$ cat data.txt   # compact mmCIF, C-alpha atoms
# COMPACT_ATOMS: atom_id res chain seq x y z
CA MET A 1 0.00 0.00 0.00
CA ARG A 2 1.24 3.50 -0.84
CA PHE A 3 0.43 6.83 0.76
CA ILE A 4 0.96 10.26 -0.81
CA LEU A 5 2.24 13.18 1.27
CA SER A 6 2.32 16.79 0.05
CA ARG A 7 3.47 20.14 1.33
CA GLY A 8 3.88 23.26 -0.78
CA GLY A 9 5.60 22.16 -3.98
CA LEU A 10 6.80 18.85 -2.51
CA GLU A 11 5.16 15.46 -2.98
CA ALA A 12 6.33 12.18 -1.48
CA ALA A 13 5.23 8.56 -1.58
CA VAL A 14 5.56 6.14 1.34
CA GLN A 15 4.91 2.41 1.13
CA THR A 16 3.98 -0.04 3.87
CA ARG A 17 6.46 -2.67 2.62
CA GLY A 18 9.58 -1.80 4.58
CA GLY A 19 8.03 1.45 5.85
CA GLU A 20 9.98 3.32 3.17
CA LEU A 21 9.72 6.78 1.68
CA VAL A 22 10.16 5.81 -1.98
CA SER A 23 9.55 9.05 -3.89
CA LEU A 24 10.25 12.74 -3.37
CA ARG A 25 9.39 15.18 -6.14
CA ARG A 26 9.70 18.93 -6.55
CA ASP A 27 9.17 20.95 -9.74
CA GLY A 28 9.03 17.79 -11.81
CA THR A 29 12.32 16.39 -10.49
CA GLU A 30 12.41 13.04 -8.71
CA TYR A 31 15.13 12.82 -6.06
CA ILE A 32 14.74 9.21 -4.86
CA TRP A 33 16.08 6.28 -6.90
CA ASP A 34 13.30 4.32 -8.62
CA GLY A 35 14.52 0.83 -7.70
CA ASN A 36 15.26 -0.36 -11.23
CA PRO A 37 16.28 -4.01 -10.65
CA ALA A 38 18.72 -3.82 -13.55
CA PHE A 39 20.97 -2.09 -11.00
CA TRP A 40 19.40 -2.43 -7.54
CA SER A 41 15.79 -3.03 -6.58
CA GLY A 42 16.12 -1.18 -3.26
CA GLN A 43 15.21 2.45 -2.73
CA ASN A 44 15.28 3.55 0.91
CA PRO A 45 15.41 0.48 3.16
CA ILE A 46 15.42 0.64 6.95
CA LEU A 47 18.33 -1.34 8.40
CA PHE A 48 17.08 -3.12 11.54
CA PRO A 49 17.93 -4.87 13.83
CA ILE A 50 21.39 -5.23 12.27
CA ILE A 51 23.42 -3.24 9.78
CA GLY A 52 25.50 -4.98 7.16
CA SER A 53 26.58 -8.61 7.42
CA LEU A 54 27.09 -10.86 10.42
CA ARG A 55 30.15 -13.05 10.73
CA ASP A 56 29.12 -16.47 9.39
CA GLY A 57 25.59 -15.04 9.21
CA GLN A 58 25.07 -15.31 12.96
CA VAL A 59 25.46 -13.40 16.20
CA ASP A 60 25.30 -14.26 19.91
CA ILE A 61 22.50 -12.50 21.80
CA HIS A 62 22.40 -13.23 25.54
CA GLY A 63 23.95 -16.65 24.88
CA GLN A 64 21.57 -17.55 22.06
CA THR A 65 22.77 -17.93 18.46
CA CYS A 66 20.66 -15.83 16.10
CA ARG A 67 20.90 -15.87 12.32
CA MET A 68 19.97 -12.92 10.11
CA SER A 69 20.69 -11.91 6.54
CA ARG A 70 22.41 -8.66 5.55
CA HIS A 71 20.81 -5.50 7.00
CA GLY A 72 18.18 -7.44 8.96
CA PHE A 73 14.51 -8.12 8.27
CA ALA A 74 12.62 -4.82 8.59
CA ARG A 75 13.10 -3.91 4.94
CA HIS A 76 11.27 -7.08 3.83
CA LEU A 77 8.21 -6.79 6.07
CA ASP A 78 4.96 -4.83 6.00
CA PHE A 79 4.56 -1.96 8.45
CA THR A 80 1.17 -0.85 9.76
CA PRO A 81 0.14 2.81 9.40
CA THR A 82 -0.72 4.24 12.82
CA GLU A 83 -1.03 7.97 12.16
CA GLN A 84 -1.37 10.05 9.00
CA GLY A 85 -1.62 13.73 8.13
CA GLY A 86 -1.37 15.56 4.85
CA ASP A 87 2.39 15.92 5.09
CA SER A 88 3.39 13.13 7.49
CA ILE A 89 2.83 9.48 8.28
CA THR A 90 3.89 7.09 11.04
CA LEU A 91 4.12 3.35 10.46
CA GLU A 92 4.92 0.58 12.91
CA LEU A 93 6.53 -2.86 12.82
CA ARG A 94 6.13 -5.25 15.75
CA GLU A 95 7.46 -8.71 16.43
CA SER A 96 5.84 -11.72 14.79
CA GLY A 97 6.42 -15.44 14.70
CA GLU A 98 8.66 -14.84 11.71
CA THR A 99 10.86 -12.26 13.45
CA LEU A 100 11.02 -14.14 16.75
CA GLU A 101 12.66 -17.09 15.00
CA ARG A 102 15.61 -14.86 14.06
CA TYR A 103 15.52 -12.17 16.75
CA PRO A 104 13.91 -13.45 19.97
CA PHE A 105 12.57 -10.13 21.29
CA PRO A 106 9.25 -8.30 21.46
CA PHE A 107 9.73 -4.80 20.07
CA SER A 108 8.06 -1.82 18.44
CA LEU A 109 9.79 -0.04 15.55
CA ARG A 110 8.00 3.13 14.48
CA VAL A 111 9.12 5.22 11.53
CA ARG A 112 7.77 8.75 10.98
CA HIS A 113 8.26 10.48 7.63
CA GLN A 114 7.57 14.22 7.73
CA LEU A 115 7.72 16.60 4.78
CA LEU A 116 9.44 19.89 5.57
CA GLU A 117 9.41 23.17 3.70
CA ASP A 118 12.37 22.08 1.57
CA GLY A 119 12.84 18.37 2.22
CA PHE A 120 11.88 15.68 4.72
CA SER A 121 12.81 14.12 8.05
CA THR A 122 12.71 10.45 8.97
CA ALA A 123 12.61 9.43 12.63
CA PHE A 124 13.01 5.90 13.97
CA THR A 125 11.64 5.05 17.43
CA VAL A 126 12.53 1.65 18.86
CA GLU A 127 10.79 0.52 22.06
CA ASN A 128 11.54 -2.53 24.17
CA THR A 129 8.11 -4.01 24.79
CA GLY A 130 9.52 -7.17 26.39
CA GLY A 131 10.98 -8.11 29.73
CA THR A 132 14.66 -8.54 28.87
CA PRO A 133 17.30 -6.12 27.50
CA LEU A 134 16.83 -5.39 23.77
CA PRO A 135 20.01 -4.95 21.67
CA PHE A 136 19.78 -3.49 18.17
CA CYS A 137 21.44 -1.47 15.45
CA ILE A 138 19.53 0.81 13.11
CA GLY A 139 20.26 2.90 10.05
CA ALA A 140 19.00 4.30 6.77
CA HIS A 141 20.05 3.45 3.20
CA THR A 142 18.52 6.34 1.27
CA ALA A 143 19.25 6.16 -2.48
CA PHE A 144 19.29 9.50 -4.30
CA ARG A 145 19.28 9.85 -8.06
CA CYS A 146 22.73 10.86 -9.24
CA PRO A 147 22.84 12.47 -11.70
CA LEU A 148 19.58 14.40 -11.32
CA SER A 149 19.35 15.78 -14.87
CA GLY A 150 19.95 14.62 -18.41
CA GLY A 151 23.35 15.46 -19.84
CA GLU A 152 25.01 15.15 -16.42
CA ARG A 153 27.34 12.38 -15.26
CA PHE A 154 27.85 10.66 -11.91
CA GLU A 155 31.38 12.05 -11.96
CA ASP A 156 30.02 15.61 -12.12
CA TYR A 157 28.93 15.28 -8.47
CA GLN A 158 30.77 15.48 -5.18
CA LEU A 159 30.31 14.95 -1.45
CA THR A 160 30.95 17.98 0.76
CA PHE A 161 31.04 17.65 4.54
CA SER A 162 29.94 20.40 6.91
CA GLN A 163 33.34 20.45 8.65
CA ARG A 164 36.87 20.02 7.34
CA GLU A 165 37.59 16.31 7.49
CA ASP A 166 40.83 14.36 7.37
CA ALA A 167 39.44 10.86 7.61
CA SER A 168 39.90 7.29 6.46
CA THR A 169 37.30 4.81 5.30
CA LEU A 170 36.91 1.46 6.99
CA LEU A 171 37.61 -1.45 4.67
CA LEU A 172 35.48 -4.52 3.94
CA THR A 173 36.39 -8.14 3.34
CA PRO A 174 34.91 -9.93 0.29
CA GLU A 175 32.27 -11.30 2.70
CA GLY A 176 31.15 -7.80 3.68
CA LEU A 177 32.79 -7.78 7.12
CA ILE A 178 34.81 -4.82 8.36
CA ARG A 179 38.51 -5.52 8.49
CA GLY A 180 39.71 -4.91 12.00
CA GLY A 181 42.57 -2.43 12.16
CA ALA A 182 42.41 -1.62 8.43
CA ALA A 183 41.56 1.76 6.91
CA GLU A 184 42.38 3.83 3.84
CA PRO A 185 42.79 7.63 3.73
CA MET A 186 39.80 9.12 1.90
CA LEU A 187 39.15 12.72 3.01
CA SER A 188 41.81 15.42 3.14
CA GLY A 189 39.91 18.61 3.86
CA ALA A 190 38.32 18.98 0.43
CA PRO A 191 35.08 17.71 -1.15
CA LEU A 192 35.20 14.10 -2.34
CA PRO A 193 34.64 13.87 -6.13
CA LEU A 194 32.47 10.91 -7.09
CA ASP A 195 34.06 8.19 -9.16
CA TYR A 196 32.67 4.72 -9.81
CA GLU A 197 36.18 3.34 -9.43
CA ILE A 198 36.06 4.09 -5.70
CA PHE A 199 33.03 1.81 -5.30
CA ARG A 200 34.36 -0.80 -7.70
CA ARG A 201 37.43 -1.12 -5.50
CA LEU A 202 35.97 -0.59 -2.01
CA ASP A 203 32.26 -1.43 -2.44
CA THR A 204 31.24 0.92 0.40
CA VAL A 205 32.85 4.05 1.85
CA ILE A 206 32.38 4.02 5.64
CA PHE A 207 33.29 6.71 8.16
CA ARG A 208 32.97 6.65 11.92
CA GLN A 209 32.75 9.61 14.32
CA LEU A 210 33.38 12.41 11.85
CA GLN A 211 33.38 16.00 13.09
CA SER A 212 30.72 16.80 10.48
CA ARG A 213 27.06 16.43 11.27
CA ALA A 214 25.90 16.87 7.67
CA VAL A 215 26.97 15.98 4.13
CA SER A 216 25.85 17.39 0.78
CA LEU A 217 25.62 15.51 -2.51
CA THR A 218 25.78 18.18 -5.20
CA HIS A 219 26.63 18.88 -8.82
CA ARG A 220 30.07 20.49 -8.73
CA GLU A 221 29.12 23.41 -10.99
CA SER A 222 25.44 24.09 -10.32
CA GLY A 223 25.41 23.18 -6.61
CA ARG A 224 22.10 21.37 -7.09
CA GLY A 225 21.47 18.29 -5.00
CA VAL A 226 20.64 17.25 -1.44
CA LYS A 227 22.02 17.71 2.07
CA MET A 228 21.62 15.07 4.79
CA GLU A 229 21.91 16.02 8.47
CA PHE A 230 22.87 12.93 10.52
CA SER A 231 23.93 14.36 13.89
CA GLN A 232 22.30 11.55 15.91
CA PHE A 233 24.22 8.82 14.07
CA PRO A 234 27.91 8.10 14.82
CA MET A 235 28.62 6.54 11.43
CA VAL A 236 27.84 7.43 7.83
CA ALA A 237 28.38 5.35 4.70
CA PHE A 238 28.07 5.78 0.93
CA TRP A 239 27.33 3.09 -1.63
CA THR A 240 26.39 2.57 -5.25
CA LYS A 241 26.80 -0.08 -7.92
CA PRO A 242 29.37 1.00 -10.51
CA GLY A 243 27.49 2.39 -13.49
CA ALA A 244 24.22 2.89 -11.58
CA PRO A 245 22.70 6.41 -11.56
CA PHE A 246 22.26 6.71 -7.79
CA LEU A 247 24.21 7.15 -4.58
CA CYS A 248 23.07 5.93 -1.17
CA LEU A 249 23.63 8.20 1.83
CA GLU A 250 23.50 5.99 4.92
CA PRO A 251 23.46 7.22 8.53
CA TRP A 252 24.22 4.29 10.83
CA HIS A 253 23.97 3.56 14.55
CA GLY A 254 25.94 0.32 14.41
CA CYS A 255 27.72 -1.41 11.56
CA ALA A 256 28.59 -4.72 9.94
CA ALA A 257 30.50 -7.31 11.92
CA PHE A 258 34.24 -6.86 12.28
CA ASP A 259 36.22 -9.89 11.14
CA ASN A 260 37.91 -10.04 14.56
CA GLU A 261 34.94 -9.27 16.83
CA THR A 262 33.74 -11.41 19.73
CA GLY A 263 30.51 -12.36 17.96
CA ARG A 264 28.37 -10.98 20.79
CA PHE A 265 25.76 -8.42 19.78
CA GLN A 266 26.35 -6.22 22.83
CA ASP A 267 30.01 -5.82 21.84
CA LYS A 268 29.25 -4.35 18.41
CA PRO A 269 30.41 -0.75 17.99
CA PHE A 270 27.51 1.67 18.53
CA ALA A 271 24.95 -1.07 19.18
CA ILE A 272 22.14 0.18 21.44
CA THR A 273 20.60 -1.81 24.30
CA LEU A 274 17.23 -0.79 25.74
CA ALA A 275 15.96 -1.83 29.15
CA PRO A 276 12.40 -3.17 29.37
CA GLY A 277 9.97 -0.33 28.67
CA GLU A 278 12.72 1.99 27.37
CA ARG A 279 12.58 3.64 23.95
CA LYS A 280 15.05 5.46 21.71
CA THR A 281 14.40 7.90 18.85
CA LEU A 282 16.94 8.74 16.14
CA ALA A 283 16.26 11.01 13.18
CA TYR A 284 17.90 12.36 10.06
CA THR A 285 16.87 15.24 7.80
CA VAL A 286 17.20 15.75 4.04
CA THR A 287 17.18 19.23 2.51
CA LEU A 288 16.86 19.84 -1.25
CA LEU A 289 19.47 22.23 -2.60
CA SER A 290 18.48 24.37 -5.57
CA GLY A 291 22.05 25.38 -6.38
CA LYS A 292 23.57 28.65 -7.47
$ encode --input "data.txt" --output "C-alpha cells"
Amino acid sequence: MRFILSRGGLEAAVQTRGGELVSLRRDGTEYIWDGNPAFWSGQNPILFPIIGSLRDGQVDIHGQTCRMSRHGFARHLDFTPTEQGGDSITLELRESGETLERYPFPFSLRVRHQLLEDGFSTAFTVENTGGTPLPFCIGAHTAFRCPLSGGERFEDYQLTFSQREDASTLLLTPEGLIRGGAAEPMLSGAPLPLDYEIFRRLDTVIFRQLQSRAVSLTHRESGRGVKMEFSQFPMVAFWTKPGAPFLCLEPWHGCAAFDNETGRFQDKPFAITLAPGERKTLAYTVTLLSGK
C-alpha cells in the first residue's frame, strides 16, 4: 500500500512494505532512486535490527545464536500505518512469529516520515516491549538519483562535509565484514569527487565519528542536489553499484561485523541496548538544494 504526502511544492510517496519513503518530487524532479532491478531493486530500506553482514551469518545474543541476513529483516516486512496527516505518516513494525525465529525479542519499531518546507525528516523510534534487554542497530540506506538531470554524469557530483575532514574509510572483506585495524585515507579537507572506481574497488565508503554532522551531494558546478543532516548517528556510509545512476547516503547507529569481533551483539560498535519499557528515537533530515 502507498500513501501520498504533500506540502507546498513537494510530494512524497511512502509504502507499507519496509516502511519506506520511496519518492520525493519537486518541480518535476524526482530525487529518490526508482529501484530499477537492472541495478538495484532497493530504494530507501530501513536497516534493523542489524546493519551490514554478520560473521558467518550469525550473532550471539544473551547466549543464544541468532541468524539474520544482511541489513536485517525490517526492509522485507509490511509496516502498519498508525497515524497520517497531509504531510506526514507514522508506520509501525512489531514482532511476529517470523521475526522471533531470528531475533527473539518483542519490540516496536516506528518510523515517521515528515515533509518539511524544503525536504523531509525520517525518525526511527525503537521501544523494548519485552521483559529482557533489547540490543539493536539501526540505520537508513537512502538512495538518491545521481545524476539528477539529463546530460550530467555521476562524476560531475561530489560529497561535501559540513566540517573540514581528514578521515579514512573502513575497509570490507569480500564477505562484507569490516577488516579490524584496516583503513584507507579518503578525506583530506576537500570535497570528495564521485568516481565509480572508488566503489568498484571498495564497495562501500564508511566513516565513523566524523566532526561533520551533515553531508551534501551536489553537482560540482550548479550546486544542485541534497544535504543530509545525521547528527544523531555516529557513522555514515556511501554506496552505489558501478554504473548505476544513484548514490546511497547511509546514517548508521551500528555497523557490519568486524572480522575479529567477539561475535556478541552487545560488543558491536555503537549497538544500542534498551531496558524493558525503554525507547530510543533517532532522526535524520534531508534538505533539497536548488544550487547557485
$ closest_atom_pairs --input "data.txt" --of "stretch 48-108 of chain A" --to "stretch 259-265 of chain A" --cutoff "7 Å" --atoms "only C-alpha atoms" --output "JSON lines"
{"residue": "A:Arg55", "atom": "CA", "partner": "A:Asp259", "partner_atom": "CA", "distance": 6.9}
{"residue": "A:Val59", "atom": "CA", "partner": "A:Gly263", "partner_atom": "CA", "distance": 5.4}
{"residue": "A:Asp60", "atom": "CA", "partner": "A:Arg264", "partner_atom": "CA", "distance": 4.6}
{"residue": "A:Ile61", "atom": "CA", "partner": "A:Phe265", "partner_atom": "CA", "distance": 5.6}
$ closest_atom_pairs --input "data.txt" --of "stretch 39-157 of chain A" --to "stretch 212-223 of chain A" --cutoff "9 Å" --atoms "all atoms listed in the file" --output "CSV"
residue,atom,partner,partner_atom,distance
A:Phe144,CA,A:Leu217,CA,8.9
A:Cys146,CA,A:Leu217,CA,8.7
A:Pro147,CA,A:His219,CA,8.0
A:Leu148,CA,A:His219,CA,8.7
A:Glu152,CA,A:His219,CA,8.6
A:Phe154,CA,A:His219,CA,8.9
A:Glu155,CA,A:His219,CA,8.9
A:Asp156,CA,A:His219,CA,5.8
A:Tyr157,CA,A:His219,CA,4.3
$ closest_residue --input "data.txt" --among "A:Arg75, A:Lys227, A:Arg110, A:Arg25" --to "A:Asn44" --atoms "all atoms listed in the file"
A:Arg75
$ closest_residue --input "data.txt" --among "A:Phe73, A:Phe233, A:Trp33, A:Phe124" --to "A:His253" --atoms "all atoms listed in the file"
A:Phe233
$ closest_atom_pairs --input "data.txt" --of "stretch 186-277 of chain A" --to "stretch 164-177 of chain A" --cutoff "9 Å" --atoms "only C-alpha atoms" --output "JSON lines"
{"residue": "A:Met186", "atom": "CA", "partner": "A:Ser168", "partner_atom": "CA", "distance": 4.9}
{"residue": "A:Leu187", "atom": "CA", "partner": "A:Asp166", "partner_atom": "CA", "distance": 5.0}
{"residue": "A:Ser188", "atom": "CA", "partner": "A:Asp166", "partner_atom": "CA", "distance": 4.5}
{"residue": "A:Gly189", "atom": "CA", "partner": "A:Arg164", "partner_atom": "CA", "distance": 4.8}
{"residue": "A:Ala190", "atom": "CA", "partner": "A:Arg164", "partner_atom": "CA", "distance": 7.1}
{"residue": "A:Pro191", "atom": "CA", "partner": "A:Arg164", "partner_atom": "CA", "distance": 9.0}
{"residue": "A:Leu202", "atom": "CA", "partner": "A:Leu171", "partner_atom": "CA", "distance": 6.9}
{"residue": "A:Asp203", "atom": "CA", "partner": "A:Leu172", "partner_atom": "CA", "distance": 7.8}
{"residue": "A:Thr204", "atom": "CA", "partner": "A:Leu172", "partner_atom": "CA", "distance": 7.8}
{"residue": "A:Val205", "atom": "CA", "partner": "A:Thr169", "partner_atom": "CA", "distance": 5.7}
{"residue": "A:Ile206", "atom": "CA", "partner": "A:Thr169", "partner_atom": "CA", "distance": 5.0}
{"residue": "A:Phe207", "atom": "CA", "partner": "A:Thr169", "partner_atom": "CA", "distance": 5.3}
{"residue": "A:Arg208", "atom": "CA", "partner": "A:Thr169", "partner_atom": "CA", "distance": 8.1}
{"residue": "A:Leu210", "atom": "CA", "partner": "A:Glu165", "partner_atom": "CA", "distance": 7.2}
{"residue": "A:Gln211", "atom": "CA", "partner": "A:Glu165", "partner_atom": "CA", "distance": 7.0}
{"residue": "A:Ser212", "atom": "CA", "partner": "A:Glu165", "partner_atom": "CA", "distance": 7.5}
{"residue": "A:Ala237", "atom": "CA", "partner": "A:Thr169", "partner_atom": "CA", "distance": 9.0}
{"residue": "A:Ala256", "atom": "CA", "partner": "A:Leu177", "partner_atom": "CA", "distance": 5.9}
{"residue": "A:Ala257", "atom": "CA", "partner": "A:Leu177", "partner_atom": "CA", "distance": 5.3}
{"residue": "A:Phe258", "atom": "CA", "partner": "A:Leu177", "partner_atom": "CA", "distance": 5.4}
{"residue": "A:Asp259", "atom": "CA", "partner": "A:Leu177", "partner_atom": "CA", "distance": 5.7}
$ residues_near_point --input "data.txt" --point "(16.1, 15.0, -13.4)" --cutoff "9 Å" --atoms "only C-alpha atoms" --output "PDB file with C-alpha atoms, keeping the file's coordinate frame"
ATOM      1  CA  GLY A  28       9.030  17.790 -11.810  1.00  0.00           C
ATOM      2  CA  THR A  29      12.320  16.390 -10.490  1.00  0.00           C
ATOM      3  CA  GLU A  30      12.410  13.040  -8.710  1.00  0.00           C
ATOM      4  CA  TYR A  31      15.130  12.820  -6.060  1.00  0.00           C
ATOM      5  CA  ARG A 145      19.280   9.850  -8.060  1.00  0.00           C
ATOM      6  CA  CYS A 146      22.730  10.860  -9.240  1.00  0.00           C
ATOM      7  CA  PRO A 147      22.840  12.470 -11.700  1.00  0.00           C
ATOM      8  CA  LEU A 148      19.580  14.400 -11.320  1.00  0.00           C
ATOM      9  CA  SER A 149      19.350  15.780 -14.870  1.00  0.00           C
ATOM     10  CA  GLY A 150      19.950  14.620 -18.410  1.00  0.00           C
TER      11      GLY A 150
END
$ residues_near_point --input "data.txt" --point "(20.4, -8.8, 9.3)" --cutoff "10 Å" --atoms "all atoms listed in the file" --output "short mmCIF file (atom, residue, chain, number, x, y, z; two decimals) with C-alpha atoms, keeping the file's coordinate frame"
data_model
loop_
_atom_site.label_atom_id
_atom_site.label_comp_id
_atom_site.auth_asym_id
_atom_site.auth_seq_id
_atom_site.Cartn_x
_atom_site.Cartn_y
_atom_site.Cartn_z
CA LEU A 47 18.33 -1.34 8.40
CA PHE A 48 17.08 -3.12 11.54
CA PRO A 49 17.93 -4.87 13.83
CA ILE A 50 21.39 -5.23 12.27
CA ILE A 51 23.42 -3.24 9.78
CA GLY A 52 25.50 -4.98 7.16
CA SER A 53 26.58 -8.61 7.42
CA LEU A 54 27.09 -10.86 10.42
CA GLY A 57 25.59 -15.04 9.21
CA GLN A 58 25.07 -15.31 12.96
CA VAL A 59 25.46 -13.40 16.20
CA CYS A 66 20.66 -15.83 16.10
CA ARG A 67 20.90 -15.87 12.32
CA MET A 68 19.97 -12.92 10.11
CA SER A 69 20.69 -11.91 6.54
CA ARG A 70 22.41 -8.66 5.55
CA HIS A 71 20.81 -5.50 7.00
CA GLY A 72 18.18 -7.44 8.96
CA PHE A 73 14.51 -8.12 8.27
CA ALA A 74 12.62 -4.82 8.59
CA ARG A 75 13.10 -3.91 4.94
CA ARG A 102 15.61 -14.86 14.06
CA TYR A 103 15.52 -12.17 16.75
CA CYS A 137 21.44 -1.47 15.45
CA ALA A 256 28.59 -4.72 9.94
#
$ atom_distance --input "data.txt" --atom1 "atom CA of A:Thr122" --atom2 "atom CA of A:Met235"
16.6 Å
$ atom_distance --input "data.txt" --atom1 "atom CA of A:Phe230" --atom2 "atom CA of A:Thr285"
7.0 Å
$ residues_around --input "data.txt" --residues "A:Leu93" --least-positions-apart "6" --cutoff "6 Å" --atoms "all atoms listed in the file" --output "PyMOL selection string"
chain A and resi 79+108-109
$ residues_around --input "data.txt" --residues "A:Leu5" --least-positions-apart "5" --cutoff "6 Å" --atoms "all atoms listed in the file" --output "ChimeraX atom specification"
/A:11-12,86-87
$ atom_distance --input "data.txt" --atom1 "atom CA of A:Gly139" --atom2 "atom CA of A:Ile46"
6.2 Å
$ closest_residue --input "data.txt" --among "A:Ser121, A:Thr240, A:Thr82, A:Asn128" --to "A:Val286" --atoms "only C-alpha atoms"
A:Ser121
$ closest_residue --input "data.txt" --among "A:Cys255, A:Leu249, A:Leu159, A:Ala182" --to "A:Ile272" --atoms "only C-alpha atoms"
A:Cys255
$ axis_aligned_box --input "data.txt" --around "stretch 239-254 of chain A" --padding-each-side "8 Å" --output "AutoDock Vina command-line options"
--center_x 25.8 --center_y 4.1 --center_z 0.5 --size_x 23.1 --size_y 24.3 --size_z 44.0
$ closest_residue --input "data.txt" --among "A:Ile89, A:Cys248, A:Ala143, A:Ile32" --to "A:Ile4" --atoms "only C-alpha atoms"
A:Ile89
$ closest_residue --input "data.txt" --among "A:Phe238, A:Phe246, A:Phe270, A:Tyr284" --to "A:Asn36" --atoms "all atoms listed in the file"
A:Phe246
